[in-house]
file input.tsv (TSV, C-alpha atoms)
chain	number	residue	atom	x	y	z
A	23	MET	CA	144.56	114.57	105.49
A	24	ALA	CA	143.00	114.51	108.94
A	25	GLY	CA	139.62	114.13	110.61
A	26	ILE	CA	137.54	115.81	113.30
A	27	TYR	CA	135.20	113.90	115.60
A	28	LEU	CA	132.56	115.70	117.68
A	29	HIS	CA	131.05	113.82	120.61
A	30	ILE	CA	127.51	114.98	121.40
A	31	PRO	CA	126.92	113.57	124.91
A	32	PHE	CA	123.12	113.61	125.06
A	33	CYS	CA	120.39	111.01	124.50
A	34	LYS	CA	116.62	110.92	124.99
A	35	GLN	CA	116.92	107.66	126.90
A	36	ALA	CA	119.56	105.11	127.82
A	37	CYS	CA	119.84	102.04	125.60
A	38	HIS	CA	120.28	98.98	127.77
A	39	TYR	CA	123.52	97.88	126.08
A	40	CYS	CA	125.32	101.23	125.76
A	41	ASP	CA	128.34	102.21	127.84
A	42	PHE	CA	129.36	105.28	125.80
A	43	HIS	CA	129.44	108.60	127.63
A	44	PHE	CA	126.08	110.36	127.50
A	45	SER	CA	123.48	112.10	129.65
A	46	THR	CA	119.70	111.94	129.39
A	47	SER	CA	119.50	115.37	131.04
A	48	MET	CA	119.63	118.25	128.56
A	49	GLY	CA	120.20	120.85	131.26
A	50	LEU	CA	123.83	121.50	130.29
A	51	LYS	CA	123.35	121.29	126.54
A	52	GLU	CA	123.99	124.96	125.77
A	53	GLN	CA	127.02	125.10	128.07
A	54	VAL	CA	128.51	121.90	126.56
A	55	LEU	CA	128.08	123.25	123.03
A	56	GLN	CA	129.70	126.55	124.03
A	57	ALA	CA	132.55	124.59	125.59
A	58	MET	CA	132.96	122.56	122.38
A	59	HIS	CA	133.31	125.82	120.45
A	60	GLN	CA	135.96	126.92	122.96
A	61	GLU	CA	137.77	123.59	122.61
A	62	LEU	CA	137.79	123.94	118.83
A	63	ALA	CA	139.47	127.32	119.26
A	64	LEU	CA	142.04	126.07	121.78
A	65	GLN	CA	142.84	122.99	119.68
A	66	GLN	CA	143.10	124.82	116.36
A	67	GLN	CA	146.79	123.90	115.94
A	68	TYR	CA	146.51	120.28	117.11
A	69	LEU	CA	146.42	118.91	113.55
A	70	SER	CA	149.29	121.17	112.39
A	71	GLY	CA	147.28	122.75	109.60
A	72	GLU	CA	146.45	119.49	107.84
A	73	VAL	CA	143.49	119.53	105.47
A	74	ILE	CA	140.35	118.12	107.07
A	75	ASN	CA	139.03	115.22	105.00
A	76	THR	CA	136.29	113.97	107.31
A	77	ILE	CA	134.00	115.37	110.01
A	78	TYR	CA	131.95	113.02	112.15
A	79	PHE	CA	129.16	113.84	114.61
A	80	GLY	CA	128.99	110.92	117.07
A	81	GLY	CA	127.69	110.36	120.55
A	82	GLY	CA	125.40	110.03	122.33
A	83	THR	CA	122.77	111.06	119.82
A	84	PRO	CA	123.96	113.96	117.62
A	85	SER	CA	120.60	114.11	115.82
A	86	ILE	CA	119.11	115.35	119.09
A	87	LEU	CA	120.68	118.74	118.27
A	88	SER	CA	118.86	121.30	116.18
A	89	VAL	CA	120.09	121.90	112.64
A	90	ALA	CA	121.19	125.37	113.76
A	91	GLU	CA	123.34	123.84	116.52
A	92	LEU	CA	124.91	121.35	114.11
A	93	ASN	CA	125.56	124.13	111.61
A	94	GLY	CA	127.15	126.26	114.30
A	95	LEU	CA	129.74	123.58	115.01
A	96	LEU	CA	130.38	123.05	111.30
A	97	GLU	CA	130.86	126.78	110.72
A	98	ALA	CA	133.36	126.88	113.58
A	99	ILE	CA	135.35	124.06	112.00
A	100	TYR	CA	135.33	125.69	108.57
A	101	ALA	CA	136.44	128.99	110.11
A	102	LYS	CA	139.44	127.40	111.83
A	103	HIS	CA	140.56	124.71	109.38
A	104	THR	CA	141.03	124.08	105.70
A	105	VAL	CA	138.36	121.54	104.82
A	106	ASN	CA	138.48	119.41	101.67
A	107	SER	CA	135.76	120.47	99.25
A	108	ASN	CA	134.75	116.80	99.00
A	109	ALA	CA	134.92	116.15	102.73
A	110	GLU	CA	132.80	113.32	104.10
A	111	ILE	CA	130.58	114.80	106.82
A	112	THR	CA	128.65	112.20	108.80
A	113	LEU	CA	125.79	112.60	111.25
A	114	GLU	CA	124.88	109.70	113.53
A	115	ALA	CA	121.11	109.76	113.94
A	116	ASN	CA	118.25	107.92	115.57
A	117	PRO	CA	115.26	107.20	113.32
A	118	ASP	CA	112.82	108.99	115.63
A	119	ASP	CA	114.78	112.24	115.18
A	120	LEU	CA	114.71	112.04	111.37
A	121	THR	CA	111.33	113.56	110.67
A	122	LEU	CA	110.59	114.89	107.20
A	123	GLU	CA	111.15	118.45	108.43
A	124	LYS	CA	114.47	117.57	110.07
A	125	LEU	CA	115.70	115.73	106.97
A	126	GLN	CA	114.69	118.62	104.72
A	127	ALA	CA	116.66	121.00	106.91
A	128	LEU	CA	119.68	118.65	107.03
A	129	ARG	CA	119.74	118.55	103.23
A	130	GLN	CA	120.49	122.27	103.31
A	131	THR	CA	123.62	121.72	105.43
A	132	ARG	CA	127.06	120.37	104.54
A	133	ILE	CA	126.18	116.97	106.06
A	134	ASN	CA	126.37	114.40	103.25
A	135	ARG	CA	126.33	111.06	105.07
A	136	LEU	CA	123.84	109.63	107.56
A	137	SER	CA	124.65	106.82	109.98
A	138	ILE	CA	121.28	105.66	111.28
A	139	GLY	CA	121.03	103.62	114.47
A	140	VAL	CA	118.40	101.08	113.46
A	141	GLN	CA	119.82	98.13	115.50
A	142	SER	CA	116.89	95.84	114.62
A	143	PHE	CA	113.76	95.72	112.45
A	144	HIS	CA	112.02	93.59	115.10
A	145	ASP	CA	110.02	95.70	117.56
A	146	PRO	CA	110.35	93.32	120.55
A	147	HIS	CA	114.14	93.52	120.16
A	148	LEU	CA	114.00	97.31	120.01
A	149	GLN	CA	111.93	97.31	123.19
A	150	LEU	CA	114.34	94.88	124.87
A	151	MET	CA	117.24	97.25	124.08
A	152	ASN	CA	115.18	100.32	125.11
A	153	ARG	CA	115.52	101.95	121.71
A	154	PRO	CA	113.36	105.08	121.24
A	155	HIS	CA	111.98	104.15	117.81
A	156	THR	CA	109.99	101.43	116.05
A	157	ALA	CA	110.91	99.31	113.04
A	158	THR	CA	108.31	101.19	110.98
A	159	GLU	CA	109.88	104.55	111.89
A	160	ALA	CA	113.31	103.23	110.90
A	161	ALA	CA	112.22	102.11	107.44
A	162	ALA	CA	110.21	105.29	106.89
A	163	CYS	CA	113.04	107.69	107.74
A	164	ILE	CA	115.42	105.84	105.42
A	165	GLY	CA	112.92	106.09	102.58
A	166	MET	CA	112.40	109.82	103.22
A	167	ALA	CA	116.15	110.46	103.35
A	168	GLN	CA	116.61	108.69	100.03
A	169	GLU	CA	113.76	110.60	98.40
A	170	LEU	CA	115.33	113.88	99.53
A	171	GLY	CA	118.63	112.96	97.89
A	172	PHE	CA	120.77	111.48	100.66
A	173	ASP	CA	122.79	108.91	98.72
A	174	ASN	CA	125.34	107.83	101.33
A	175	ILE	CA	123.43	106.12	104.14
A	176	SER	CA	124.76	103.66	106.70
A	177	LEU	CA	122.68	101.51	109.04
A	178	ASP	CA	123.78	100.15	112.41
A	179	LEU	CA	122.50	96.68	113.24
A	180	ILE	CA	123.05	94.47	116.29
A	181	TYR	CA	123.20	90.67	116.18
A	182	GLY	CA	123.60	88.17	118.99
A	183	ILE	CA	120.36	89.34	120.61
A	184	PRO	CA	118.85	86.48	122.65
A	185	ALA	CA	115.87	85.19	120.68
A	186	GLU	CA	113.92	81.97	120.33
A	187	ASP	CA	113.64	82.37	116.56
A	188	PRO	CA	117.07	82.17	114.86
A	189	ALA	CA	115.53	83.48	111.62
A	190	LEU	CA	115.05	86.99	113.04
A	191	TRP	CA	118.62	88.03	112.25
A	192	GLU	CA	118.23	86.78	108.69
A	193	GLN	CA	115.03	88.84	108.42
A	194	ASP	CA	116.86	91.94	109.71
A	195	LEU	CA	119.49	91.51	107.02
A	196	ALA	CA	116.90	90.96	104.30
A	197	LYS	CA	115.14	94.18	105.32
A	198	ALA	CA	118.40	96.15	105.40
A	199	PHE	CA	119.47	94.99	101.95
A	200	ALA	CA	115.98	95.63	100.55
A	201	LEU	CA	116.28	99.27	101.63
A	202	ASN	CA	119.23	99.64	99.24
A	203	VAL	CA	121.50	101.59	101.59
A	204	GLN	CA	125.18	102.00	100.84
A	205	HIS	CA	126.74	100.83	104.10
A	206	LEU	CA	126.12	98.53	107.07
A	207	SER	CA	127.84	98.53	110.46
A	208	CYS	CA	126.96	95.34	112.32
A	209	TYR	CA	128.00	94.60	115.89
A	210	ALA	CA	127.56	91.62	118.17
A	211	LEU	CA	125.66	92.50	121.32
A	212	THR	CA	128.28	92.95	124.03
A	213	ILE	CA	127.32	92.93	127.69
A	214	GLU	CA	129.19	95.77	129.38
A	215	PRO	CA	129.30	95.81	133.21
A	216	ASN	CA	127.96	99.35	133.71
A	217	THR	CA	124.81	98.94	131.66
A	218	VAL	CA	121.27	97.75	132.32
A	219	PHE	CA	122.05	94.45	130.58
A	220	GLY	CA	125.20	94.09	132.69
A	221	SER	CA	123.17	94.56	135.85
A	222	ARG	CA	120.52	92.08	134.69
A	223	VAL	CA	123.15	89.45	133.91
A	224	ARG	CA	124.63	89.82	137.41
A	225	LYS	CA	121.15	89.38	138.89
A	226	GLY	CA	120.42	86.36	136.73
A	227	LYS	CA	117.62	88.19	134.88
A	228	PHE	CA	119.24	88.20	131.44
A	229	SER	CA	121.23	85.60	129.54
A	230	PRO	CA	123.38	86.50	126.52
A	231	ALA	CA	123.06	84.46	123.34
A	232	ASP	CA	125.45	81.51	123.23
A	233	GLU	CA	128.72	82.02	121.38
A	234	GLU	CA	127.95	79.40	118.74
A	235	ARG	CA	124.77	81.19	117.68
A	236	VAL	CA	126.56	84.56	117.59
A	237	ALA	CA	129.32	83.08	115.41
A	238	HIS	CA	126.72	81.58	113.10
A	239	GLN	CA	125.00	84.95	112.76
A	240	PHE	CA	128.31	86.62	111.90
A	241	GLU	CA	128.96	83.96	109.25
A	242	LEU	CA	125.47	84.54	107.84
A	243	LEU	CA	126.18	88.28	107.77
A	244	MET	CA	129.38	87.76	105.77
A	245	THR	CA	127.63	85.44	103.31
A	246	GLN	CA	124.58	87.66	102.82
A	247	ALA	CA	126.69	90.79	102.41
A	248	ALA	CA	128.82	89.14	99.73
A	249	ASP	CA	125.70	87.85	97.96
A	250	HIS	CA	124.39	91.44	97.79
A	251	GLY	CA	127.62	92.85	96.41
A	252	PHE	CA	128.82	94.42	99.66
A	253	LEU	CA	132.53	94.56	100.44
A	254	HIS	CA	133.57	93.34	103.87
A	255	TYR	CA	136.24	95.96	104.40
A	256	GLU	CA	136.47	95.82	108.22
A	257	ILE	CA	135.29	93.21	110.72
A	258	SER	CA	132.07	95.08	111.54
A	259	ASN	CA	131.68	97.14	108.36
A	260	PHE	CA	130.28	96.36	104.92
A	261	CYS	CA	129.65	98.64	101.97
A	262	GLN	CA	128.74	98.89	98.35
A	263	PRO	CA	131.93	99.55	96.32
A	264	GLY	CA	133.16	103.09	96.87
A	265	PHE	CA	131.14	103.72	100.02
A	266	GLU	CA	133.63	102.85	102.75
A	267	SER	CA	133.40	105.15	105.76
A	268	LYS	CA	136.31	107.50	105.10
A	269	HIS	CA	136.27	108.72	108.68
A	270	ASN	CA	136.41	105.30	110.34
A	271	SER	CA	138.90	104.06	107.75
A	272	SER	CA	141.18	106.90	108.83
A	273	TYR	CA	141.19	105.50	112.37
A	274	TRP	CA	142.25	102.12	111.06
A	275	LYS	CA	144.95	103.70	108.86
A	276	GLN	CA	146.45	105.73	111.74
A	277	VAL	CA	145.46	109.08	110.20
A	278	PRO	CA	145.56	111.95	112.75
A	279	TYR	CA	142.25	113.20	114.11
A	280	LEU	CA	140.98	115.72	116.63
A	281	GLY	CA	138.25	114.72	119.06
A	282	ILE	CA	136.02	117.46	120.47
A	283	GLY	CA	133.57	117.07	123.36
A	284	PRO	CA	133.34	115.13	126.64
A	285	SER	CA	135.03	111.68	126.40
A	286	ALA	CA	136.38	112.36	122.87
A	287	HIS	CA	139.83	111.06	121.93
A	288	SER	CA	142.46	112.66	119.70
A	289	PHE	CA	145.51	111.21	117.91
A	290	ASN	CA	148.35	113.12	116.26
A	291	GLY	CA	150.62	110.26	115.27
A	292	VAL	CA	152.79	110.19	118.40
A	293	SER	CA	150.35	110.65	121.28
A	294	ARG	CA	146.71	110.30	122.25
A	295	GLN	CA	144.50	112.65	124.21
A	296	PHE	CA	141.47	111.60	126.22
A	297	ASN	CA	138.89	114.19	127.21
A	298	ILE	CA	137.20	113.87	130.58
A	299	ALA	CA	133.94	111.88	130.40
A	300	HIS	CA	132.02	114.23	132.66
A	301	ASN	CA	129.87	117.04	131.27
A	302	PRO	CA	130.06	119.54	134.18
A	303	LYS	CA	133.83	119.13	134.61
A	304	TYR	CA	134.32	119.42	130.85
A	305	VAL	CA	132.39	122.70	130.83
A	306	GLN	CA	134.19	124.05	133.93
A	307	ALA	CA	137.63	123.36	132.45
A	308	LEU	CA	136.92	125.08	129.16
A	309	GLU	CA	135.21	128.04	130.82
A	310	ALA	CA	138.54	128.47	132.63
A	311	GLY	CA	140.42	128.25	129.32
A	312	GLN	CA	141.87	124.83	130.10
A	313	LEU	CA	141.83	121.66	127.98
A	314	PRO	CA	140.04	118.87	129.91
A	315	CYS	CA	142.25	116.06	128.60
A	316	THR	CA	144.89	113.55	129.59
A	317	VAL	CA	147.79	113.02	127.19
A	318	GLU	CA	149.37	109.61	126.63
A	319	GLU	CA	152.69	109.51	124.79
A	320	LEU	CA	152.78	106.37	122.66
A	321	SER	CA	155.81	104.08	122.73
A	322	VAL	CA	157.00	102.22	119.64
A	323	GLU	CA	155.37	99.14	121.14
A	324	ASP	CA	152.04	100.99	121.53
A	325	ARG	CA	152.10	102.29	117.97
A	326	VAL	CA	152.99	98.95	116.40
A	327	ASN	CA	150.37	97.13	118.46
A	328	GLU	CA	147.69	99.64	117.53
A	329	TYR	CA	148.62	99.30	113.87
A	330	VAL	CA	148.42	95.50	114.09
A	331	MET	CA	145.09	95.56	115.97
A	332	THR	CA	143.37	97.96	113.57
A	333	THR	CA	144.75	96.86	110.20
A	334	LEU	CA	144.35	93.15	110.82
A	335	ARG	CA	140.59	93.79	111.03
A	336	THR	CA	140.50	95.33	107.53
A	337	SER	CA	140.39	94.06	103.97
A	338	TRP	CA	143.72	95.76	103.20
A	339	GLY	CA	145.43	93.89	106.01
A	340	CYS	CA	148.51	94.40	108.14
A	341	ASP	CA	151.50	95.56	106.06
A	342	THR	CA	154.58	94.15	107.77
A	343	ALA	CA	156.88	96.02	105.33
A	344	PHE	CA	155.39	99.29	106.60
A	345	ILE	CA	156.13	98.20	110.19
A	346	ARG	CA	159.75	97.39	109.25
A	347	GLN	CA	160.24	100.70	107.44
A	348	LYS	CA	158.57	102.92	110.04
A	349	TRP	CA	159.62	101.27	113.29
A	350	GLY	CA	162.40	98.83	112.42
A	351	ILE	CA	160.43	95.83	113.68
A	352	ASP	CA	160.32	92.55	111.73
A	353	LEU	CA	156.94	91.24	112.85
A	354	VAL	CA	157.08	88.19	110.58
A	355	ALA	CA	160.43	87.07	111.96
A	356	LEU	CA	159.31	87.62	115.56
A	357	HIS	CA	156.16	85.52	115.10
A	358	ALA	CA	157.19	83.14	112.32
A	359	VAL	CA	156.13	79.95	114.12
A	360	TYR	CA	152.77	81.38	115.20
A	361	LEU	CA	152.03	82.78	111.74
A	362	GLN	CA	152.79	79.42	110.12
A	363	LYS	CA	150.52	77.71	112.65
A	364	ILE	CA	147.46	79.91	112.09
A	365	ALA	CA	148.03	79.90	108.32
A	366	ALA	CA	147.96	76.08	108.43
A	367	GLN	CA	144.72	76.31	110.43
A	368	GLY	CA	143.17	78.40	107.66
A	369	LEU	CA	142.87	81.53	109.81
A	370	LEU	CA	145.33	83.78	107.98
A	371	ARG	CA	147.04	84.13	104.64
A	372	GLN	CA	150.07	86.16	103.62
A	373	GLU	CA	150.18	88.09	100.35
A	374	GLY	CA	153.70	89.38	100.00
A	375	ASP	CA	154.32	91.41	103.14
A	376	VAL	CA	150.62	91.76	104.00
A	377	LEU	CA	148.86	89.62	106.61
A	378	LEU	CA	145.16	89.03	105.91
A	379	LEU	CA	142.58	87.19	107.99
A	380	THR	CA	140.43	84.59	106.28
A	381	GLU	CA	136.68	84.39	106.91
A	382	ALA	CA	137.38	81.87	109.70
A	383	GLY	CA	140.11	84.11	111.08
A	384	LYS	CA	137.75	87.07	111.32
A	385	LEU	CA	135.86	85.21	114.04
A	386	LEU	CA	139.06	85.33	116.12
A	387	ALA	CA	140.40	88.73	115.02
A	388	ASP	CA	141.03	90.21	118.47
A	389	GLU	CA	142.64	87.03	119.78
A	390	ILE	CA	144.99	86.77	116.80
A	391	ALA	CA	145.96	90.46	117.04
A	392	LEU	CA	146.77	90.08	120.74
A	393	ASP	CA	149.00	87.11	119.96
A	394	LEU	CA	150.93	89.31	117.51
A	395	PHE	CA	151.42	92.20	119.93
A	396	LEU	CA	154.96	93.27	120.74
A	397	LEU	CA	156.29	92.87	124.24
A	398	GLU	CA	158.36	95.72	125.66
A	399	GLU	CA	161.66	93.90	125.23
A	400	GLU	CA	160.84	93.24	121.55
A	401	ALA	CA	160.31	96.94	120.78
call {"tool": "encode", "arguments": {"input": "input.tsv", "output": "structure tokens"}}
result
Amino acid sequence: MAGIYLHIPFCKQACHYCDFHFSTSMGLKEQVLQAMHQELALQQQYLSGEVINTIYFGGGTPSILSVAELNGLLEAIYAKHTVNSNAEITLEANPDDLTLEKLQALRQTRINRLSIGVQSFHDPHLQLMNRPHTATEAAACIGMAQELGFDNISLDLIYGIPAEDPALWEQDLAKAFALNVQHLSCYALTIEPNTVFGSRVRKGKFSPADEERVAHQFELLMTQAADHGFLHYEISNFCQPGFESKHNSSYWKQVPYLGIGPSAHSFNGVSRQFNIAHNPKYVQALEAGQLPCTVEELSVEDRVNEYVMTTLRTSWGCDTAFIRQKWGIDLVALHAVYLQKIAAQGLLRQEGDVLLLTEAGKLLADEIALDLFLLEEEA
């Protein structure tokens, strides 16, 4: 099985925390979409004929496209690939785009999963982040989607937003759980250099929340999710049983995928491709029949380290037997002393050949993964 990701590089306005590739100018929209169709044609053999199990519209703001434009891309995929009849097809969407009319039209498409960028149910926080919707709009669009029969809905929420009232995050979670959605993706606010927040921090006009408060909010998230019957299946992702994101889980399981659009990445098991993050140059390349990507061949070290980084963040953990069988590397032997140390600290446990982070360990997931990375001489 494989996946296809489509990056729609357009937004109504720039969120103050976002450093993904996007443009607020829609001038090149038609040309970019035509180029994406051309890229789909040129990349038809990239996945070696594997059945497509997931399709994901990301961005940017994919819901900014018309239903006809979304359908056009889907039809192109179905014409060029064998797609699983039960494929998970996700649309990332902003609440302000999900009007009743838009939702009714989307219900007539193959899209069967919505990932809605709520971020907060507190209007001052939405204004701080320059989100284009209100808390009322967010709740309303979720209710309409449910009434129309969408039964696989994910919400994005952001914690670690500077606030005088520490109860606001708890209120956001209570609202999200009350809406009875199937999935939550929750991310700590990260200050990226090339964003409005990054600029404000440099000028002393914005101060991130302190690390202790952010850690407390993550702990509250884990507790509340468990209390509501949600599985914590990846550091930032929680779901009702059976509603894991198949597409994102494929990334963490090293399943091949094809990325289409400016800035999209692709992975075929042995190499990665990175499309240019520049709309005009992306269009120019494809109009000339050229793929606008850079290819990176992955070493054994790269592939093992990626496997460690992604799987250690998940509920199924890092399978060291798989690493031994596939790459001939004994990760446990290489890091025996370190593994014993963090196990004694209550950060990790080992079940057979599988390494699993504890709740305390999840607070340090990236740091622990880096400590387990292979050096070149070890690979």
call {"tool": "residues_near_point", "arguments": {"input": "input.tsv", "point": "(121.3, 102.8, 108.5)", "cutoff": "9 Å", "atoms": "only C-alpha atoms", "output": "compact mmCIF listing (two decimals) with C-alpha atoms, keeping the file's coordinate frame"}}
result
# COMPACT_ATOMS: atom_id res chain seq x y z
CA ALA A 115 121.11 109.76 113.94
CA PRO A 117 115.26 107.20 113.32
CA LEU A 136 123.84 109.63 107.56
CA SER A 137 124.65 106.82 109.98
CA ILE A 138 121.28 105.66 111.28
CA GLY A 139 121.03 103.62 114.47
CA VAL A 140 118.40 101.08 113.46
CA GLN A 141 119.82 98.13 115.50
CA ALA A 160 113.31 103.23 110.90
CA ILE A 164 115.42 105.84 105.42
CA ILE A 175 123.43 106.12 104.14
CA SER A 176 124.76 103.66 106.70
CA LEU A 177 122.68 101.51 109.04
CA ASP A 178 123.78 100.15 112.41
CA LEU A 179 122.50 96.68 113.24
CA ALA A 198 118.40 96.15 105.40
CA VAL A 203 121.50 101.59 101.59
CA GLN A 204 125.18 102.00 100.84
CA HIS A 205 126.74 100.83 104.10
CA LEU A 206 126.12 98.53 107.07
CA SER A 207 127.84 98.53 110.46
call {"tool": "closest_residue", "arguments": {"input": "input.tsv", "among": "A:Leu361, A:Leu113, A:Val326, A:Cys163", "to": "Phe344 in chain A", "atoms": "all atoms listed in the file"}}
result
A:Val326
call {"tool": "atom_distance", "arguments": {"input": "input.tsv", "atom1": "CA of Tyr304 in chain A", "atom2": "CA of Gln53 in chain A"}}
result
9.7 Å
call {"tool": "closest_residue", "arguments": {"input": "input.tsv", "among": "A:Ala57, A:Ala382, A:Asn270, A:Met48", "to": "Gln306 in chain A", "atoms": "all atoms listed in the file"}}
result
A:Ala57
call {"tool": "closest_residue", "arguments": {"input": "input.tsv", "among": "A:Val223, A:Gln149, A:Lys124, A:Ala24", "to": "Thr104 in chain A", "atoms": "only C-alpha atoms"}}
result
A:Ala24
call {"tool": "atom_distance", "arguments": {"input": "input.tsv", "atom1": "CA of Trp191 in chain A", "atom2": "CA of Ala247 in chain A"}}
result
13.0 Å
call {"tool": "closest_residue", "arguments": {"input": "input.tsv", "among": "A:Ser142, A:Gln246, A:Gln168, A:Ser288", "to": "Phe199 in chain A", "atoms": "only C-alpha atoms"}}
result
A:Gln246
call {"tool": "residues_around", "arguments": {"input": "input.tsv", "residues": "Gln65 in chain A", "least_positions_apart": "3", "cutoff": "9 Å", "atoms": "only C-alpha atoms", "output": "PyMOL selection string"}}
result
chain A and resi 60-62+68-69+280+282+313
call {"tool": "closest_residue", "arguments": {"input": "input.tsv", "among": "A:Val317, A:Tyr279, A:Arg335, A:His357", "to": "Asn297 in chain A", "atoms": "all atoms listed in the file"}}
result
A:Val317
call {"tool": "atom_distance", "arguments": {"input": "input.tsv", "atom1": "CA of Leu96 in chain A", "atom2": "CA of Gln262 in chain A"}}
result
27.5 Å
call {"tool": "closest_residue", "arguments": {"input": "input.tsv", "among": "A:Leu211, A:Ala109, A:Cys33, A:Leu378", "to": "Ala237 in chain A", "atoms": "only C-alpha atoms"}}
result
A:Leu211
call {"tool": "residues_around", "arguments": {"input": "input.tsv", "residues": "Met23 in chain A", "least_positions_apart": "4", "cutoff": "12 Å", "atoms": "all atoms listed in the file", "output": "list in words"}}
result
Leu69, Ser70, Gly71, Glu72, Val73, Ile74, Asn75, Thr76, Ile77, His103, Thr104, Val105, Asn106, Asn108, Ala109, Glu110, Lys268, His269, Ser272, Tyr273, Lys275, Gln276, Val277, Pro278, Tyr279, Leu280 and Asn290 of chain A
call {"tool": "residues_around", "arguments": {"input": "input.tsv", "residues": "Leu353 in chain A", "least_positions_apart": "5", "cutoff": "10 Å", "atoms": "only C-alpha atoms", "output": "PDB file with C-alpha atoms, keeping the file's coordinate frame"}}
result
ATOM      1  CA  VAL A 326     152.990  98.950 116.400  1.00  0.00           C
ATOM      2  CA  VAL A 330     148.420  95.500 114.090  1.00  0.00           C
ATOM      3  CA  ASP A 341     151.500  95.560 106.060  1.00  0.00           C
ATOM      4  CA  THR A 342     154.580  94.150 107.770  1.00  0.00           C
ATOM      5  CA  ALA A 343     156.880  96.020 105.330  1.00  0.00           C
ATOM      6  CA  ILE A 345     156.130  98.200 110.190  1.00  0.00           C
ATOM      7  CA  ARG A 346     159.750  97.390 109.250  1.00  0.00           C
ATOM      8  CA  ALA A 358     157.190  83.140 112.320  1.00  0.00           C
ATOM      9  CA  LEU A 361     152.030  82.780 111.740  1.00  0.00           C
ATOM     10  CA  LEU A 394     150.930  89.310 117.510  1.00  0.00           C
ATOM     11  CA  PHE A 395     151.420  92.200 119.930  1.00  0.00           C
ATOM     12  CA  LEU A 396     154.960  93.270 120.740  1.00  0.00           C
ATOM     13  CA  GLU A 400     160.840  93.240 121.550  1.00  0.00           C
TER      14      GLU A 400
END
call {"tool": "residues_near_point", "arguments": {"input": "input.tsv", "point": "(131.6, 112.3, 116.5)", "cutoff": "9 Å", "atoms": "only C-alpha atoms", "output": "NGL selection string"}}
result
:A and (26-30 or 77-82 or 84 or 112-114 or 281-283 or 286)
call {"tool": "residues_around", "arguments": {"input": "input.tsv", "residues": "Cys40 in chain A", "least_positions_apart": "6", "cutoff": "12 Å", "atoms": "all atoms listed in the file", "output": "PyMOL selection string"}}
result
chain A and resi 33+81-83+151-153+180+211-220
call {"tool": "residues_around", "arguments": {"input": "input.tsv", "residues": "Asp232 in chain A", "least_positions_apart": "2", "cutoff": "10 Å", "atoms": "only C-alpha atoms", "output": "ChimeraX atom specification"}}
result
/A:182-184,229-230,234-237
call {"tool": "axis_aligned_box", "arguments": {"input": "input.tsv", "around": "range 270-279 of chain A", "padding_each_side": "5 Å", "output": "JSON"}}
result
{"center_x": 141.4, "center_y": 107.7, "center_z": 110.9, "size_x": 20.0, "size_y": 21.1, "size_z": 16.4}
